[in-house]
There are 2 protein chains.
Amino acid sequence: MTRTQTLLACLASIFCLMATASAQALPSWNDTPTKAAIMSFVEKVTQDGSPDFVMPADRVAVFDNDGTLWSEQPMYTQLAFIIDRVKAMAPDHPEWKAKEPFKSLLAGDAKGVAASGQKGLLELVAATHAGMTTEAFEATVTDWLKTARHPKFNRPYLECVYQPQIELLQYLRDHGFKTFIVSGGGIDFMRPWTHEVYGIPPDQVVGSSIKAKYEVRDGEPVIVKLPEIDFIDDKAGKPVGIHKFIGKRPILAFGNSDGDFEMLEYVTTGSGARLGLILHHDDAEREAAYDRESHVGKLTRGLDEAQARGWVLVSMKSDWAIVFPRK
Amino acid sequence: MTRTQTLLACLASIFCLMATASAQALPSWNDTPTKAAIMSFVEKVTQDGSPDFVMPADRVAVFDNDGTLWSEQPMYTQLAFIIDRVKAMAPDHPEWKAKEPFKSLLAGDAKGVAASGQKGLLELVAATHAGMTTEAFEATVTDWLKTARHPKFNRPYLECVYQPQIELLQYLRDHGFKTFIVSGGGIDFMRPWTHEVYGIPPDQVVGSSIKAKYEVRDGEPVIVKLPEIDFIDDKAGKPVGIHKFIGKRPILAFGNSDGDFEMLEYVTTGSGARLGLILHHDDAEREAAYDRESHVGKLTRGLDEAQARGWVLVSMKSDWAIVFPRK
């Protein structure tokens with residue numbers, strides 16, 4: 001071949017690869033209007049010369065975690081962790097047998113735990129999260145995730161993540177987006193594994209937190225977790241968390257419950273092209289079906305206002321070819 | 001040429017370019033043991049097969065801002081901003097004529113302002129930072145920086161940044177590091193310009209903050225700054241800020257005052273290769289000379305303990321060929 005021929009052959013291969021990549025994008029998403037809307041949005045904000053072009057530095061996408069990136073039914077995974085921790089720690093705390101909400105929790109009495117309200121939940125968080133160093137807490141989370149299994153799907157929790165979302169996060173990053181988690185869940189509960197599972201490094205995880213202090217313990221500098229709320233990253237706290245940790249208004253937000261409403265509102269109201277997405281859990285067979293009446297991940301305002309606000313309602317049942325990663 | 005010859009010529013060019021790049025690294029740093037220590041550290045944590053090799057995801061470097069990346073004498077730039085803001089806002093606040101610390105500040109009485117202590121400083125911050133939306137505050141900072149000039153160097157504050165540090169930040173990023181600011185200064189005061197000036201995007205800036213709340217004002221979702229301290233990112237607060245915002249222990253820290261002591265201690269005590277650096281302001285001619293006796297950027301413990309802790313003391317006078325960017 002002449003050099004020109006070689007060059008042309010090279011270019012042809014590259015275009016062919018690009019075309020294949022495009023056809024193969026988001027393979028676990030069905031070819032529905034939802035997938036088309038996502039790809040059309042990404043195309044218009046990333047194509048040179050597009051009137052909606054957005055500079056790479058401003059391509060920020062935020063995702064809720066519980067119910068958006070992984071299952072949140074029948075209970076938040078972090079709550080399952082707390083229950084297991086209380087049970088594991090109970091032998092060292094005989095006083096819990098007579099103290100709520102520990103007493104109800106150890107007796108398997110969910111109503112009794114619920115009756116203790118937010119105060120009770122904070123006591124459970126304090127007992128299982130506070131007092132230890134951040135490194136010890138990370139090790140505890142990592143160890144628990146190695147053995148705990150989802151009660152319905154009978155697989156490790158880290159395999160109860162949504163395959164289509166993992167592909168979407170990668171697709172966005174391939175188009176110059178920086179992807180963040182903005183979750184009501186505990187920031188230190190997510191950070192040990194989000195990089196491996198979602199490709200999102202710890203500094204791109206925003207979540208709820210308890211306070212911490214620095215100290216030198218036996219010559220070893222450590223951060224110790226304290227039994228006091230620092231920040232609740234839920235509802236109107238989500239835009240505040242976005243400002244605090246990210247420092248600029250994202251252009252894409254993906255949530256699933258009314259806890260994400262203000263985040264979607266904040267993200268989709270600025271100037272320029274914006275995309276808001278809500279995952280609707282309408283798939284009792286493969287995962288779960290819930291919205292208005294659910295105690296976890298309740299979705300009412302999102303359903304009522306999505307259309308008027310131009311948010312895309314993603315149907316798990318219709319838009320996703322598979323839900324969880326194949327084993 | 002045959003194909004093999006072409007390939008060899010290509011490879012030779014690439015190696016030649018790489019060698020040139022290395023010789024040209026950190027051009028504003030003199031060829032001293034300090035520069036050699038920095039380059040040797042970066043080499044050993046990034047070279048494949050090195051016993052000290054660090055995975056790219058763990059190459060996190062943190063830099064203080066005031067006195068480390070830009071000048072902090074004769075006063076923190078943010079304080080100059082506050083003074084100018086109080087003066088600009090004074091006509092709308094006739095009550096300030098009789099109220100400390102505003103009265104002293106407007107009279108140019110630094111001692112009087114200082115006498116009002118931390119409570120007075122918080123009142124100044126509240127008056128000039130709180131009540132407005134984050135977007136309005138950003139615009140105010142950006143506008144001020146366009147016209148304000150450093151009293152000694154007679155150049156815009158954004159040109160009072162240190163050229164050798166800008167090169168070092170880029171050099172680290174070229175070697176796969178993620179670079180962060182961890183400053184006692186206000187996070188919202190830095191974020192509008194750090195990307196342009198240092199190449200550090202807003203989400204990689206950690207700083208002190210006041211609280212904020214989300215609200216919808218006339219149909220427009222905004223974040224409003226509140227007159228209440230949220231987080232002080234100084235001294236023992238710096239390791240806490242690192243954990244909160246970055247979520248993993250960095251391997252390189254660069255500071256200049258005792259406000260950075262705990263950050264350096266935290267960063268340089270973990271396992272594996274670590275580098276701590278302290279900028280010593282010993283250059284009265286080109287910038288400023290101060291350490292133990294200074295009211296701003298006081299450096300005592302760092303000087304006393306640097307050697308024993310293996311921290312590198314960087315001499316502005318000897319190690320830097322130039323201080324500020326050339327005009």
# chains A, B, ... in the order shown; residues from 1 in each chain; ligands from 1
>>> residues_around(residues="range 71-76 of chain B", least_positions_apart="2", cutoff="8 Å", atoms="only C-alpha atoms", output="PyMOL selection string")
chain B and resi 66-69+78-80+160-162+287-288+296-297
>>> calpha_fit_and_write(fixed="chain B", moving="chain A", output="short mmCIF file (atom, residue, chain, number, x, y, z; two decimals) with C-alpha atoms, in the first residue's frame")
data_model
loop_
_atom_site.label_atom_id
_atom_site.label_comp_id
_atom_site.auth_asym_id
_atom_site.auth_seq_id
_atom_site.Cartn_x
_atom_site.Cartn_y
_atom_site.Cartn_z
CA MET A 1 12.87 5.54 4.46
CA THR A 2 11.69 2.01 5.13
CA ARG A 3 8.87 1.53 7.59
CA THR A 4 11.34 0.35 10.22
CA GLN A 5 13.45 3.44 9.72
CA THR A 6 10.36 5.63 10.02
CA LEU A 7 9.36 3.85 13.21
CA LEU A 8 12.84 4.26 14.69
CA ALA A 9 12.88 7.93 13.73
CA CYS A 10 9.50 8.34 15.42
CA LEU A 11 10.66 6.62 18.59
CA ALA A 12 13.84 8.70 18.64
CA SER A 13 11.75 11.87 18.38
CA ILE A 14 9.50 10.74 21.21
CA PHE A 15 12.43 9.94 23.51
CA CYS A 16 14.02 13.23 22.58
CA LEU A 17 10.77 15.06 23.44
CA MET A 18 10.54 13.19 26.74
CA ALA A 19 14.13 14.03 27.65
CA THR A 20 13.50 17.68 26.80
CA ALA A 21 10.30 17.67 28.85
CA SER A 22 12.21 16.31 31.83
CA ALA A 23 15.02 18.85 31.49
CA GLN A 24 12.41 21.59 31.20
CA ALA A 25 10.33 20.43 34.14
CA LEU A 26 9.88 23.06 36.85
CA PRO A 27 11.82 25.76 34.95
CA SER A 28 11.24 28.37 37.69
CA TRP A 29 12.85 26.14 40.29
CA ASN A 30 16.61 26.44 40.69
CA ASP A 31 18.64 23.24 40.41
CA THR A 32 18.98 22.75 44.16
CA PRO A 33 18.60 19.69 46.42
CA THR A 34 14.97 20.79 46.99
CA LYS A 35 14.06 20.43 43.31
CA ALA A 36 15.95 17.13 43.19
CA ALA A 37 14.02 15.86 46.23
CA ILE A 38 10.67 16.70 44.64
CA MET A 39 11.53 15.13 41.31
CA SER A 40 13.02 12.06 42.95
CA PHE A 41 9.86 11.56 45.01
CA VAL A 42 7.59 11.90 41.98
CA GLU A 43 9.79 9.52 40.03
CA LYS A 44 9.78 6.79 42.66
CA VAL A 45 6.00 6.83 43.20
CA THR A 46 5.19 6.86 39.48
CA GLN A 47 7.74 4.56 37.84
CA ASP A 48 6.46 1.09 37.02
CA GLY A 49 8.34 -1.49 39.03
CA SER A 50 9.53 0.99 41.64
CA PRO A 51 9.19 -0.44 45.18
CA ASP A 52 7.47 2.84 46.12
CA PHE A 53 5.06 2.79 43.16
CA VAL A 54 1.67 4.35 43.98
CA MET A 55 -1.45 3.65 41.90
CA PRO A 56 -2.72 6.77 40.08
CA ALA A 57 -5.94 6.73 42.15
CA ASP A 58 -3.85 7.21 45.30
CA ARG A 59 -1.68 10.01 43.95
CA VAL A 60 -3.32 12.81 45.88
CA ALA A 61 -1.47 16.07 46.58
CA VAL A 62 -2.75 18.84 48.86
CA PHE A 63 -1.60 22.47 48.87
CA ASP A 64 -2.36 25.22 51.32
CA ASN A 65 -3.28 28.45 49.50
CA ASP A 66 -2.43 31.63 51.49
CA GLY A 67 1.36 31.91 51.65
CA THR A 68 1.84 28.63 49.77
CA LEU A 69 0.30 29.33 46.36
CA TRP A 70 -0.04 33.11 46.60
CA SER A 71 1.10 35.99 48.82
CA GLU A 72 -0.51 36.43 52.22
CA GLN A 73 1.38 39.56 53.31
CA PRO A 74 0.74 42.23 54.48
CA MET A 75 -2.72 40.66 54.99
CA TYR A 76 -4.80 37.77 53.66
CA THR A 77 -6.28 38.76 50.31
CA GLN A 78 -9.72 37.81 51.58
CA LEU A 79 -9.32 40.39 54.37
CA ALA A 80 -8.48 43.06 51.78
CA PHE A 81 -11.67 41.99 49.99
CA ILE A 82 -13.70 42.28 53.21
CA ILE A 83 -12.32 45.77 53.94
CA ASP A 84 -13.18 46.96 50.43
CA ARG A 85 -16.65 45.41 50.68
CA VAL A 86 -17.38 47.09 54.02
CA LYS A 87 -16.32 50.44 52.55
CA ALA A 88 -18.49 49.87 49.47
CA MET A 89 -21.49 48.81 51.55
CA ALA A 90 -21.09 51.51 54.23
CA PRO A 91 -23.38 54.13 52.61
CA ASP A 92 -26.28 51.67 53.01
CA HIS A 93 -25.33 51.01 56.64
CA PRO A 94 -25.16 54.31 58.54
CA GLU A 95 -25.35 52.32 61.80
CA TRP A 96 -21.80 51.03 61.16
CA LYS A 97 -20.38 54.46 62.02
CA ALA A 98 -21.11 53.73 65.67
CA LYS A 99 -20.69 49.95 65.68
CA GLU A 100 -17.49 47.97 66.14
CA PRO A 101 -15.65 46.48 64.35
CA PHE A 102 -17.09 48.43 61.41
CA LYS A 103 -16.33 51.80 62.99
CA SER A 104 -12.61 51.01 63.40
CA LEU A 105 -12.39 49.43 59.97
CA LEU A 106 -13.93 52.46 58.26
CA ALA A 107 -11.58 54.73 60.24
CA GLY A 108 -8.59 52.68 59.06
CA ASP A 109 -7.85 51.70 62.66
CA ALA A 110 -6.39 48.19 62.34
CA LYS A 111 -5.80 47.92 66.10
CA GLY A 112 -9.44 48.67 66.80
CA VAL A 113 -10.52 45.96 64.37
CA ALA A 114 -8.08 43.51 65.95
CA ALA A 115 -9.44 44.39 69.40
CA SER A 116 -12.86 43.05 68.41
CA GLY A 117 -11.25 39.61 68.14
CA GLN A 118 -12.73 36.58 66.45
CA LYS A 119 -16.27 37.75 67.19
CA GLY A 120 -15.58 40.95 65.29
CA LEU A 121 -14.06 39.08 62.36
CA LEU A 122 -17.13 36.85 62.16
CA GLU A 123 -19.34 39.94 62.09
CA LEU A 124 -17.33 41.30 59.18
CA VAL A 125 -17.58 37.98 57.34
CA ALA A 126 -21.32 37.78 58.00
CA ALA A 127 -21.90 41.37 56.81
CA THR A 128 -19.94 40.89 53.59
CA HIS A 129 -20.50 37.21 52.72
CA ALA A 130 -23.91 36.21 54.09
CA GLY A 131 -27.46 36.93 52.95
CA MET A 132 -26.63 36.81 49.25
CA THR A 133 -26.91 33.92 46.84
CA THR A 134 -23.79 31.93 46.05
CA GLU A 135 -23.98 33.20 42.47
CA ALA A 136 -24.14 36.84 43.57
CA PHE A 137 -21.19 36.26 45.91
CA GLU A 138 -19.16 34.68 43.10
CA ALA A 139 -19.87 37.68 40.87
CA THR A 140 -18.80 40.06 43.66
CA VAL A 141 -15.49 38.22 44.15
CA THR A 142 -14.83 38.07 40.41
CA ASP A 143 -15.55 41.79 39.96
CA TRP A 144 -13.35 42.77 42.89
CA LEU A 145 -10.42 40.71 41.62
CA LYS A 146 -10.62 42.50 38.26
CA THR A 147 -9.77 45.88 39.79
CA ALA A 148 -8.12 45.37 43.19
CA ARG A 149 -4.32 45.49 43.28
CA HIS A 150 -1.79 44.23 45.78
CA PRO A 151 -0.53 47.19 47.86
CA LYS A 152 3.14 46.20 47.70
CA PHE A 153 3.50 44.52 44.31
CA ASN A 154 1.06 46.83 42.55
CA ARG A 155 -0.37 44.08 40.40
CA PRO A 156 -3.73 42.24 40.46
CA TYR A 157 -3.96 39.68 43.25
CA LEU A 158 -4.33 36.85 40.72
CA GLU A 159 -0.84 37.78 39.50
CA CYS A 160 0.54 37.50 43.04
CA VAL A 161 0.48 33.73 42.73
CA TYR A 162 3.76 31.83 42.76
CA GLN A 163 4.97 30.75 39.32
CA PRO A 164 7.11 27.83 40.67
CA GLN A 165 4.03 26.40 42.41
CA ILE A 166 1.88 26.65 39.29
CA GLU A 167 4.58 24.63 37.52
CA LEU A 168 4.73 22.13 40.37
CA LEU A 169 0.94 21.59 40.32
CA GLN A 170 1.10 20.97 36.56
CA TYR A 171 4.12 18.69 36.93
CA LEU A 172 2.25 16.60 39.51
CA ARG A 173 -0.85 16.37 37.31
CA ASP A 174 1.37 15.37 34.37
CA HIS A 175 2.45 12.46 36.57
CA GLY A 176 -1.09 11.33 37.35
CA PHE A 177 -1.61 13.24 40.58
CA LYS A 178 -4.93 14.81 41.50
CA THR A 179 -4.15 18.22 43.01
CA PHE A 180 -6.26 19.80 45.76
CA ILE A 181 -6.23 23.07 47.68
CA VAL A 182 -6.74 22.68 51.44
CA SER A 183 -6.91 26.23 52.77
CA GLY A 184 -8.07 28.07 55.86
CA GLY A 185 -9.49 30.68 53.47
CA GLY A 186 -13.11 30.82 52.37
CA ILE A 187 -14.01 28.08 49.90
CA ASP A 188 -16.36 30.34 47.93
CA PHE A 189 -13.72 33.06 47.77
CA MET A 190 -11.28 30.70 46.01
CA ARG A 191 -13.46 28.63 43.72
CA PRO A 192 -14.32 31.31 41.15
CA TRP A 193 -10.71 31.52 39.92
CA THR A 194 -8.65 28.49 41.01
CA HIS A 195 -9.30 26.55 37.79
CA GLU A 196 -8.09 29.34 35.55
CA VAL A 197 -5.10 30.28 37.72
CA TYR A 198 -3.94 26.95 39.24
CA GLY A 199 -5.70 24.40 37.02
CA ILE A 200 -7.65 23.21 40.09
CA PRO A 201 -11.41 22.84 39.53
CA PRO A 202 -13.92 23.97 42.20
CA ASP A 203 -14.61 20.44 43.46
CA GLN A 204 -10.92 20.07 44.31
CA VAL A 205 -10.89 23.13 46.56
CA VAL A 206 -11.31 22.55 50.31
CA GLY A 207 -11.69 25.59 52.55
CA SER A 208 -13.53 27.25 55.39
CA SER A 209 -17.21 27.89 54.89
CA ILE A 210 -20.33 29.47 56.29
CA LYS A 211 -23.62 27.56 56.22
CA ALA A 212 -26.02 27.81 53.32
CA LYS A 213 -29.61 26.95 52.57
CA TYR A 214 -31.56 26.10 49.46
CA GLU A 215 -34.64 28.07 48.50
CA VAL A 216 -36.74 28.95 45.49
CA ARG A 217 -36.78 32.75 45.08
CA ASP A 218 -39.34 34.03 42.59
CA GLY A 219 -39.31 30.65 40.86
CA GLU A 220 -35.50 30.58 40.73
CA PRO A 221 -33.73 27.88 42.80
CA VAL A 222 -30.79 29.44 44.65
CA ILE A 223 -28.35 28.71 47.46
CA VAL A 224 -28.27 31.49 50.06
CA LYS A 225 -25.27 32.04 52.30
CA LEU A 226 -26.07 32.22 56.03
CA PRO A 227 -24.34 34.21 58.80
CA GLU A 228 -23.17 31.09 60.64
CA ILE A 229 -19.85 29.24 60.56
CA ASP A 230 -20.06 25.79 58.96
CA PHE A 231 -16.44 24.59 58.99
CA ILE A 232 -13.02 26.04 59.82
CA ASP A 233 -10.43 24.38 57.63
CA ASP A 234 -7.33 25.29 59.61
CA LYS A 235 -4.87 23.54 61.94
CA ALA A 236 -6.48 20.26 63.17
CA GLY A 237 -9.42 21.13 60.90
CA LYS A 238 -7.28 20.47 57.82
CA PRO A 239 -7.00 16.67 58.21
CA VAL A 240 -10.74 16.66 58.99
CA GLY A 241 -11.39 18.70 55.83
CA ILE A 242 -9.23 16.30 53.84
CA HIS A 243 -11.23 13.34 55.11
CA LYS A 244 -14.54 15.12 54.54
CA PHE A 245 -13.88 16.34 51.00
CA ILE A 246 -11.23 14.00 49.60
CA GLY A 247 -11.92 10.80 51.51
CA LYS A 248 -8.42 9.39 51.36
CA ARG A 249 -5.04 10.24 52.85
CA PRO A 250 -2.89 12.23 50.39
CA ILE A 251 0.77 11.34 49.82
CA LEU A 252 2.10 14.87 49.33
CA ALA A 253 1.35 18.03 51.31
CA PHE A 254 2.73 21.53 50.82
CA GLY A 255 2.17 24.28 53.38
CA ASN A 256 3.91 27.32 54.80
CA SER A 257 2.65 28.05 58.31
CA ASP A 258 1.81 26.30 61.56
CA GLY A 259 -1.80 26.25 60.34
CA ASP A 260 -0.54 23.49 58.03
CA PHE A 261 1.24 21.49 60.72
CA GLU A 262 -1.47 18.90 61.35
CA MET A 263 -2.06 18.49 57.61
CA LEU A 264 1.63 17.76 57.06
CA GLU A 265 1.68 15.44 60.06
CA TYR A 266 -1.39 13.52 58.82
CA VAL A 267 -0.17 13.24 55.24
CA THR A 268 3.40 12.20 55.98
CA THR A 269 2.69 9.54 58.61
CA GLY A 270 0.91 6.86 56.55
CA SER A 271 2.52 3.81 54.98
CA GLY A 272 4.50 4.08 51.75
CA ALA A 273 6.45 7.00 50.31
CA ARG A 274 5.27 10.43 51.41
CA LEU A 275 6.49 13.99 50.95
CA GLY A 276 5.94 17.01 53.17
CA LEU A 277 7.06 20.47 52.04
CA ILE A 278 7.11 23.83 53.82
CA LEU A 279 7.65 27.07 51.96
CA HIS A 280 9.92 29.33 54.02
CA HIS A 281 9.37 33.01 53.28
CA ASP A 282 12.99 34.19 53.47
CA ASP A 283 12.94 36.55 50.54
CA ALA A 284 12.38 40.13 51.73
CA GLU A 285 13.60 41.47 48.43
CA ARG A 286 11.30 39.65 46.03
CA GLU A 287 8.33 38.89 48.32
CA ALA A 288 8.55 38.87 52.13
CA ALA A 289 10.63 37.47 55.00
CA TYR A 290 8.71 36.20 58.01
CA ASP A 291 8.27 33.15 60.23
CA ARG A 292 8.26 32.94 64.06
CA GLU A 293 7.18 36.50 64.84
CA SER A 294 4.65 37.05 62.09
CA HIS A 295 0.99 37.79 62.83
CA VAL A 296 0.09 36.25 59.46
CA GLY A 297 1.44 32.84 58.49
CA LYS A 298 3.37 32.27 61.71
CA LEU A 299 5.83 29.39 61.36
CA THR A 300 7.40 27.96 64.53
CA ARG A 301 6.67 24.26 64.96
CA GLY A 302 7.27 23.65 61.28
CA LEU A 303 10.76 25.18 61.52
CA ASP A 304 11.56 23.34 64.75
CA GLU A 305 10.38 19.91 63.64
CA ALA A 306 10.85 19.82 59.86
CA GLN A 307 14.20 18.10 59.97
CA ALA A 308 13.20 15.40 62.47
CA ARG A 309 10.02 14.69 60.53
CA GLY A 310 11.78 14.56 57.17
CA TRP A 311 9.89 17.55 55.78
CA VAL A 312 11.60 19.59 53.09
CA LEU A 313 12.04 23.27 53.93
CA VAL A 314 11.76 25.17 50.65
CA SER A 315 13.67 28.44 50.57
CA MET A 316 11.90 31.00 48.43
CA LYS A 317 15.16 32.89 48.10
CA SER A 318 17.40 29.99 47.09
CA ASP A 319 15.07 27.45 45.50
CA TRP A 320 12.99 29.71 43.28
CA ALA A 321 14.39 31.39 40.17
CA ILE A 322 11.41 33.71 39.98
CA VAL A 323 8.50 34.25 42.38
CA PHE A 324 5.61 35.69 40.38
CA PRO A 325 4.57 35.00 36.78
CA ARG A 326 6.34 37.20 34.27
CA LYS A 327 4.05 39.93 32.92
#
>>> decode(residues="range 142-200 of chain A", atoms="C-alpha atoms", output="PDB file, in the first residue's frame")
ATOM      1  CA  THR A 142     -15.464  -3.520  53.542  1.00  0.00           C
ATOM      2  CA  ASP A 143     -15.546  -6.703  55.639  1.00  0.00           C
ATOM      3  CA  TRP A 144     -19.321  -6.614  55.977  1.00  0.00           C
ATOM      4  CA  LEU A 145     -19.831  -6.179  52.232  1.00  0.00           C
ATOM      5  CA  LYS A 146     -17.701  -9.274  51.589  1.00  0.00           C
ATOM      6  CA  THR A 147     -20.152 -11.578  53.368  1.00  0.00           C
ATOM      7  CA  ALA A 148     -23.567  -9.880  53.613  1.00  0.00           C
ATOM      8  CA  ARG A 149     -26.136 -10.824  50.976  1.00  0.00           C
ATOM      9  CA  HIS A 150     -29.289  -9.131  49.775  1.00  0.00           C
ATOM     10  CA  PRO A 151     -32.304 -10.910  51.339  1.00  0.00           C
ATOM     11  CA  LYS A 152     -34.356 -11.007  48.127  1.00  0.00           C
ATOM     12  CA  PHE A 153     -31.754 -11.318  45.372  1.00  0.00           C
ATOM     13  CA  ASN A 154     -29.434 -13.558  47.388  1.00  0.00           C
ATOM     14  CA  ARG A 155     -26.306 -11.943  46.019  1.00  0.00           C
ATOM     15  CA  PRO A 156     -23.724  -9.589  47.577  1.00  0.00           C
ATOM     16  CA  TYR A 157     -24.982  -6.016  47.888  1.00  0.00           C
ATOM     17  CA  LEU A 158     -22.259  -4.783  45.531  1.00  0.00           C
ATOM     18  CA  GLU A 159     -23.864  -6.965  42.859  1.00  0.00           C
ATOM     19  CA  CYS A 160     -27.253  -5.331  43.484  1.00  0.00           C
ATOM     20  CA  VAL A 161     -26.112  -2.291  41.543  1.00  0.00           C
ATOM     21  CA  TYR A 162     -27.823  -1.440  38.269  1.00  0.00           C
ATOM     22  CA  GLN A 163     -25.885  -2.478  35.172  1.00  0.00           C
ATOM     23  CA  PRO A 164     -27.560   0.133  32.885  1.00  0.00           C
ATOM     24  CA  GLN A 165     -26.469   2.902  35.278  1.00  0.00           C
ATOM     25  CA  ILE A 166     -22.880   1.674  35.404  1.00  0.00           C
ATOM     26  CA  GLU A 167     -22.888   1.886  31.602  1.00  0.00           C
ATOM     27  CA  LEU A 168     -24.452   5.350  31.690  1.00  0.00           C
ATOM     28  CA  LEU A 169     -21.815   6.657  34.137  1.00  0.00           C
ATOM     29  CA  GLN A 170     -19.064   5.322  31.860  1.00  0.00           C
ATOM     30  CA  TYR A 171     -20.769   6.721  28.764  1.00  0.00           C
ATOM     31  CA  LEU A 172     -20.919  10.165  30.375  1.00  0.00           C
ATOM     32  CA  ARG A 173     -17.254  10.008  31.409  1.00  0.00           C
ATOM     33  CA  ASP A 174     -16.349   8.909  27.866  1.00  0.00           C
ATOM     34  CA  HIS A 175     -17.958  12.182  26.769  1.00  0.00           C
ATOM     35  CA  GLY A 176     -15.940  14.337  29.156  1.00  0.00           C
ATOM     36  CA  PHE A 177     -18.383  14.412  32.065  1.00  0.00           C
ATOM     37  CA  LYS A 178     -17.245  14.307  35.670  1.00  0.00           C
ATOM     38  CA  THR A 179     -19.643  11.990  37.508  1.00  0.00           C
ATOM     39  CA  PHE A 180     -20.622  12.487  41.157  1.00  0.00           C
ATOM     40  CA  ILE A 181     -22.790  10.650  43.667  1.00  0.00           C
ATOM     41  CA  VAL A 182     -25.075  12.925  45.713  1.00  0.00           C
ATOM     42  CA  SER A 183     -26.754  10.625  48.216  1.00  0.00           C
ATOM     43  CA  GLY A 184     -28.655  10.837  51.474  1.00  0.00           C
ATOM     44  CA  GLY A 185     -26.620   7.815  52.579  1.00  0.00           C
ATOM     45  CA  GLY A 186     -23.496   8.002  54.708  1.00  0.00           C
ATOM     46  CA  ILE A 187     -20.488   9.315  52.808  1.00  0.00           C
ATOM     47  CA  ASP A 188     -18.069   7.004  54.624  1.00  0.00           C
ATOM     48  CA  PHE A 189     -20.318   4.021  53.958  1.00  0.00           C
ATOM     49  CA  MET A 190     -20.084   4.581  50.179  1.00  0.00           C
ATOM     50  CA  ARG A 191     -16.523   5.731  49.617  1.00  0.00           C
ATOM     51  CA  PRO A 192     -14.740   2.419  50.263  1.00  0.00           C
ATOM     52  CA  TRP A 193     -16.264   0.802  47.149  1.00  0.00           C
ATOM     53  CA  THR A 194     -17.676   3.413  44.734  1.00  0.00           C
ATOM     54  CA  HIS A 195     -14.479   3.639  42.674  1.00  0.00           C
ATOM     55  CA  GLU A 196     -14.314  -0.089  42.047  1.00  0.00           C
ATOM     56  CA  VAL A 197     -18.042  -0.518  41.414  1.00  0.00           C
ATOM     57  CA  TYR A 198     -19.118   2.753  39.721  1.00  0.00           C
ATOM     58  CA  GLY A 199     -15.766   4.232  38.655  1.00  0.00           C
ATOM     59  CA  ILE A 200     -16.431   7.184  40.999  1.00  0.00           C
TER      60      ILE A 200
END
